[in-house]
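Single-structure report; data block below.
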Amino acid sequence: MIRILVQQNPIDLAAEMARIEAAEGAGAIATFTGLVRRDADGADGTGGVGTLELEHYPGATEAALTRLAEQAQQRWSLGTATIVHRVGPMTPGERIVFVAAAAPHRAAALEACAYLIDRLKTDAPFWKRETRDGVARWVEARDTDDAAAARWG
Amino acid sequence: MAIDLLYFAWVREAMGRAGERVTPPATVGTVADLIDWLVARDPAGAAALSDRGRLRAAVDQAFVALDAPIAGAREIALFPPVTGG
């Protein structure tokens, strides 16, 4: 099973986990959850109310995430691959992204989960814009993300 | 042939629009040629697209390098490096 969601609504972890646990081939489940940062490097900083806004490329985003999930499912024989990504405005502490890989055993689940989030960072058309102290700026891409994605070949 | 152009993030803001339909001349054979043509066309294009190193592109929704050919493309998107996750 592949489940791809790009949504405005908050991510419901309990519902996603219940769905994954109920599916076939879920002896081991590895998950990654990304939050809007609360520290000085993130959206809220000091003094201002921080918000983060996620823009995406409708259609191409879902296609890219589906392709990633299919590649991971094939490479690690996953039972299920799940990617849920928020778009639109959100506040510090909220979940931006949830990735899960379910496999018969833990090694495949852990590796596939890392692959999914590493590759999502470079292969899916999302853009973050953060507002701090009333000033909005587009977040710059990081070279370390390219390196993390590249290690999967 | 007409191509639908889409712009995202600061490229969209600098272009002053989310997209447009264009019919570039036949000499425009690659994404890089298309960018050159848009830069020469008007000040918004020049402001948004002059820094090639900060631009990425997709042809018919697939990421491509800037030297990719655009023959037969229906939709081309120009945008900054992605920052999701």
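Letters A, B, ... mark the chains of the structure tokens in the order given; residue numbers begin at 1 per chain; ligand numbers begin at 1, in order shown.
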
Closest-contact table, range 108-143 of chain A side, partner range 51-73 of chain A, 8 Å, counting only C-alpha atoms, as a tab-separated table:
residue	atom	partner	partner_atom	distance
A:Ala112	CA	A:Ala72	CA	5.9
A:Tyr115	CA	A:Ala72	CA	7.3
A:Leu116	CA	A:Leu68	CA	6.7
A:Arg119	CA	A:Leu68	CA	7.4
A:Leu120	CA	A:Leu65	CA	7.1
A:Asp123	CA	A:Ala64	CA	6.7
A:Ala124	CA	A:Ala64	CA	5.6
A:Pro125	CA	A:Thr61	CA	5.5
A:Phe126	CA	A:His56	CA	4.4
A:Trp127	CA	A:Glu55	CA	5.1
A:Lys128	CA	A:Leu54	CA	4.8
A:Arg129	CA	A:Glu53	CA	5.1
A:Glu130	CA	A:Leu52	CA	4.4
A:Thr131	CA	A:Thr51	CA	5.3
A:Arg132	CA	A:Thr51	CA	7.2

Give me the residues within 8 Å of Ala102 in chain A as a PyMOL selection string, counting only C-alpha atoms and dropping any in the same chain fewer than 5 places off. chain A and resi 20+25-30+78-81+109

Determine which residues of chain B sit within 9 Å of chain A, taking into account only C-alpha atoms, and present them as a PyMOL selection string. chain B and resi 6+8-10+58+60-63+77+79-85

Based on the selection just made, write N, CA, C and O atoms of those residues as a PDB file, in the first residue's frame.
ATOM      1  N   LEU B   6       4.916  28.067 -15.423  1.00  0.00           N
ATOM      2  CA  LEU B   6       4.499  28.211 -14.024  1.00  0.00           C
ATOM      3  C   LEU B   6       5.693  28.704 -13.219  1.00  0.00           C
ATOM      4  O   LEU B   6       6.830  28.275 -13.460  1.00  0.00           O
ATOM      5  N   PHE B   8       7.157  29.528  -9.168  1.00  0.00           N
ATOM      6  CA  PHE B   8       6.897  29.245  -7.753  1.00  0.00           C
ATOM      7  C   PHE B   8       7.849  30.017  -6.849  1.00  0.00           C
ATOM      8  O   PHE B   8       8.951  30.405  -7.247  1.00  0.00           O
ATOM      9  N   ALA B   9       7.389  30.198  -5.601  1.00  0.00           N
ATOM     10  CA  ALA B   9       8.175  30.827  -4.528  1.00  0.00           C
ATOM     11  C   ALA B   9       8.654  32.211  -4.972  1.00  0.00           C
ATOM     12  O   ALA B   9       7.891  32.971  -5.545  1.00  0.00           O
ATOM     13  N   TRP B  10       9.956  32.560  -4.734  1.00  0.00           N
ATOM     14  CA  TRP B  10      10.368  33.927  -5.051  1.00  0.00           C
ATOM     15  C   TRP B  10      10.430  34.199  -6.547  1.00  0.00           C
ATOM     16  O   TRP B  10      10.386  35.348  -6.974  1.00  0.00           O
ATOM     17  N   ALA B  58      11.264  22.280 -14.156  1.00  0.00           N
ATOM     18  CA  ALA B  58      10.578  21.022 -14.441  1.00  0.00           C
ATOM     19  C   ALA B  58       9.909  21.159 -15.799  1.00  0.00           C
ATOM     20  O   ALA B  58       9.329  22.202 -16.106  1.00  0.00           O
ATOM     21  N   ASP B  60       7.038  19.395 -18.063  1.00  0.00           N
ATOM     22  CA  ASP B  60       5.885  18.496 -17.912  1.00  0.00           C
ATOM     23  C   ASP B  60       5.947  17.749 -16.571  1.00  0.00           C
ATOM     24  O   ASP B  60       5.772  16.537 -16.487  1.00  0.00           O
ATOM     25  N   GLN B  61       6.255  18.519 -15.532  1.00  0.00           N
ATOM     26  CA  GLN B  61       6.208  18.097 -14.126  1.00  0.00           C
ATOM     27  C   GLN B  61       7.345  17.172 -13.689  1.00  0.00           C
ATOM     28  O   GLN B  61       7.324  16.652 -12.580  1.00  0.00           O
ATOM     29  N   ALA B  62       8.363  16.994 -14.544  1.00  0.00           N
ATOM     30  CA  ALA B  62       9.535  16.211 -14.141  1.00  0.00           C
ATOM     31  C   ALA B  62      10.733  17.158 -14.010  1.00  0.00           C
ATOM     32  O   ALA B  62      10.990  17.962 -14.913  1.00  0.00           O
ATOM     33  N   PHE B  63      11.480  17.055 -12.895  1.00  0.00           N
ATOM     34  CA  PHE B  63      12.660  17.893 -12.703  1.00  0.00           C
ATOM     35  C   PHE B  63      13.672  17.617 -13.819  1.00  0.00           C
ATOM     36  O   PHE B  63      13.923  16.456 -14.153  1.00  0.00           O
ATOM     37  N   ALA B  77       7.953  24.627 -15.549  1.00  0.00           N
ATOM     38  CA  ALA B  77       7.946  25.366 -14.289  1.00  0.00           C
ATOM     39  C   ALA B  77       9.357  25.834 -13.967  1.00  0.00           C
ATOM     40  O   ALA B  77      10.325  25.101 -14.182  1.00  0.00           O
ATOM     41  N   PHE B  79      11.622  27.648 -10.775  1.00  0.00           N
ATOM     42  CA  PHE B  79      11.487  27.825  -9.328  1.00  0.00           C
ATOM     43  C   PHE B  79      12.851  27.748  -8.651  1.00  0.00           C
ATOM     44  O   PHE B  79      13.831  27.297  -9.262  1.00  0.00           O
ATOM     45  N   PRO B  80      12.943  28.149  -7.365  1.00  0.00           N
ATOM     46  CA  PRO B  80      14.192  28.014  -6.615  1.00  0.00           C
ATOM     47  C   PRO B  80      14.416  26.559  -6.192  1.00  0.00           C
ATOM     48  O   PRO B  80      13.488  25.743  -6.265  1.00  0.00           O
ATOM     49  N   PRO B  81      15.634  26.232  -5.719  1.00  0.00           N
ATOM     50  CA  PRO B  81      15.852  24.907  -5.136  1.00  0.00           C
ATOM     51  C   PRO B  81      14.780  24.618  -4.078  1.00  0.00           C
ATOM     52  O   PRO B  81      14.388  25.516  -3.336  1.00  0.00           O
ATOM     53  N   VAL B  82      14.334  23.367  -4.038  1.00  0.00           N
ATOM     54  CA  VAL B  82      13.192  23.023  -3.172  1.00  0.00           C
ATOM     55  C   VAL B  82      13.617  22.934  -1.704  1.00  0.00           C
ATOM     56  O   VAL B  82      14.779  22.649  -1.391  1.00  0.00           O
ATOM     57  N   THR B  83      12.656  23.195  -0.811  1.00  0.00           N
ATOM     58  CA  THR B  83      12.962  23.236   0.633  1.00  0.00           C
ATOM     59  C   THR B  83      11.854  22.593   1.461  1.00  0.00           C
ATOM     60  O   THR B  83      11.474  23.108   2.512  1.00  0.00           O
ATOM     61  N   GLY B  84      11.333  21.455   0.993  1.00  0.00           N
ATOM     62  CA  GLY B  84      10.269  20.793   1.747  1.00  0.00           C
ATOM     63  C   GLY B  84      10.808  19.937   2.878  1.00  0.00           C
ATOM     64  O   GLY B  84      11.998  19.941   3.180  1.00  0.00           O
ATOM     65  N   GLY B  85       9.901  19.180   3.481  1.00  0.00           N
ATOM     66  CA  GLY B  85      10.274  18.229   4.532  1.00  0.00           C
ATOM     67  C   GLY B  85      10.394  18.879   5.896  1.00  0.00           C
ATOM     68  O   GLY B  85      10.284  20.069   6.051  1.00  0.00           O
TER      69      GLY B  85
END

Between CA of Glu20 in chain B and CA of Leu34 in chain B, measure the distance and give it in Å to one decimal.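 According to the coordinates, CA of Glu20 in chain B and CA of Leu34 in chain B are separated by 13.3 Å.
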
Find the spatial neighbours of Asp36 in chain B, counting only C-alpha atoms, within a cut-off of 12 Å - ignore same-chain residues fewer than 2 positions away - and output them as an MDAnalysis selection string. chainID B and resid 24:25 27:34 38:42 45:52 66:67

Go ahead and save the residues from that selection, with N, CA, C and O atoms, as a compact mmCIF listing (two decimals), in the first residue's frame.
# COMPACT_ATOMS: atom_id res chain seq x y z
N PRO B 24 7.41 30.87 -27.48
CA PRO B 24 8.77 31.34 -27.75
C PRO B 24 9.15 31.08 -29.21
O PRO B 24 8.58 30.20 -29.85
N PRO B 25 10.12 31.85 -29.72
CA PRO B 25 10.58 31.62 -31.10
C PRO B 25 11.25 30.26 -31.23
O PRO B 25 11.66 29.65 -30.24
N THR B 27 14.06 29.40 -32.10
CA THR B 27 15.46 29.32 -31.67
C THR B 27 15.58 28.92 -30.20
O THR B 27 16.67 28.58 -29.74
N VAL B 28 14.48 28.95 -29.46
CA VAL B 28 14.49 28.57 -28.04
C VAL B 28 14.35 27.05 -27.95
O VAL B 28 13.27 26.50 -28.08
N GLY B 29 15.49 26.37 -27.72
CA GLY B 29 15.48 24.91 -27.78
C GLY B 29 15.62 24.22 -26.44
O GLY B 29 15.31 23.04 -26.30
N THR B 30 16.11 24.95 -25.41
CA THR B 30 16.32 24.35 -24.10
C THR B 30 15.71 25.24 -23.02
O THR B 30 15.31 26.38 -23.28
N VAL B 31 15.68 24.71 -21.81
CA VAL B 31 15.18 25.50 -20.68
C VAL B 31 16.05 26.76 -20.52
O VAL B 31 15.53 27.85 -20.30
N ALA B 32 17.36 26.60 -20.66
CA ALA B 32 18.26 27.75 -20.53
C ALA B 32 17.96 28.81 -21.59
O ALA B 32 17.97 30.01 -21.31
N ASP B 33 17.67 28.36 -22.82
CA ASP B 33 17.29 29.30 -23.89
C ASP B 33 16.01 30.04 -23.50
O ASP B 33 15.87 31.24 -23.74
N LEU B 34 15.07 29.30 -22.94
CA LEU B 34 13.79 29.90 -22.52
C LEU B 34 14.03 30.97 -21.46
O LEU B 34 13.45 32.06 -21.51
N LEU B 38 13.19 34.96 -21.64
CA LEU B 38 12.35 35.66 -20.65
C LEU B 38 13.11 36.83 -20.01
O LEU B 38 12.53 37.87 -19.73
N VAL B 39 14.41 36.63 -19.79
CA VAL B 39 15.24 37.70 -19.20
C VAL B 39 15.28 38.90 -20.16
O VAL B 39 15.18 40.05 -19.73
N ALA B 40 15.41 38.62 -21.46
CA ALA B 40 15.51 39.69 -22.45
C ALA B 40 14.16 40.36 -22.70
O ALA B 40 14.09 41.50 -23.16
N ARG B 41 13.08 39.67 -22.33
CA ARG B 41 11.73 40.13 -22.69
C ARG B 41 11.29 41.35 -21.89
O ARG B 41 10.72 42.28 -22.42
N ASP B 42 11.51 41.31 -20.58
CA ASP B 42 11.03 42.43 -19.76
C ASP B 42 11.79 42.51 -18.43
O ASP B 42 12.49 41.56 -18.05
N GLY B 45 11.28 39.62 -15.87
CA GLY B 45 12.02 38.42 -16.23
C GLY B 45 13.49 38.57 -15.89
O GLY B 45 14.12 37.64 -15.36
N ALA B 46 14.04 39.75 -16.16
CA ALA B 46 15.45 40.00 -15.87
C ALA B 46 15.71 39.91 -14.36
O ALA B 46 16.70 39.31 -13.91
N ALA B 47 14.79 40.47 -13.57
CA ALA B 47 14.97 40.47 -12.11
C ALA B 47 14.82 39.07 -11.53
O ALA B 47 15.56 38.67 -10.63
N ALA B 48 13.88 38.31 -12.06
CA ALA B 48 13.55 37.00 -11.48
C ALA B 48 14.52 35.91 -11.91
O ALA B 48 14.78 34.98 -11.14
N LEU B 49 15.06 36.01 -13.11
CA LEU B 49 15.68 34.84 -13.72
C LEU B 49 17.16 35.02 -14.08
O LEU B 49 17.76 34.14 -14.69
N SER B 50 17.76 36.15 -13.69
CA SER B 50 19.14 36.39 -14.10
C SER B 50 20.14 35.48 -13.41
O SER B 50 21.18 35.14 -13.97
N ASP B 51 19.84 35.09 -12.16
CA ASP B 51 20.79 34.27 -11.39
C ASP B 51 20.51 32.79 -11.64
O ASP B 51 19.80 32.13 -10.89
N ARG B 52 21.12 32.26 -12.73
CA ARG B 52 20.82 30.87 -13.14
C ARG B 52 21.13 29.85 -12.06
O ARG B 52 20.51 28.81 -11.97
N LEU B 66 19.00 22.53 -16.54
CA LEU B 66 18.65 23.69 -17.35
C LEU B 66 19.02 23.52 -18.83
O LEU B 66 18.50 24.23 -19.68
N ASP B 67 19.89 22.56 -19.13
CA ASP B 67 20.22 22.34 -20.54
C ASP B 67 19.27 21.34 -21.22
O ASP B 67 19.49 20.94 -22.37

Shell around Thr23 in chain B at 9 Å using only C-alpha atoms, local window under 6 positions removed, as number ranges by chain: B: 1-4

Generate a file of the selected residues that holds N, CA and C atoms, formatted as a PDB file, in the first residue's frame.
ATOM      1  N   MET B   1       5.077  26.831 -30.735  1.00  0.00           N
ATOM      2  CA  MET B   1       3.979  26.163 -30.032  1.00  0.00           C
ATOM      3  C   MET B   1       3.816  26.773 -28.639  1.00  0.00           C
ATOM      4  N   ALA B   2       2.587  26.905 -28.212  1.00  0.00           N
ATOM      5  CA  ALA B   2       2.329  27.543 -26.913  1.00  0.00           C
ATOM      6  C   ALA B   2       2.744  26.630 -25.760  1.00  0.00           C
ATOM      7  N   ILE B   3       3.359  27.229 -24.764  1.00  0.00           N
ATOM      8  CA  ILE B   3       3.791  26.502 -23.568  1.00  0.00           C
ATOM      9  C   ILE B   3       3.217  27.223 -22.351  1.00  0.00           C
ATOM     10  N   ASP B   4       2.701  26.445 -21.402  1.00  0.00           N
ATOM     11  CA  ASP B   4       2.259  27.037 -20.138  1.00  0.00           C
ATOM     12  C   ASP B   4       3.453  27.112 -19.193  1.00  0.00           C
TER      13      ASP B   4
END

Using only C-alpha atoms, pick whichever of A:Ala150, A:Ala18, A:Gly50, A:Ala23 has the shortest atom-to-atom distance to Gly134 in chain A.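 Selected residue with least distance to Gly134 in chain A: A:Gly50.
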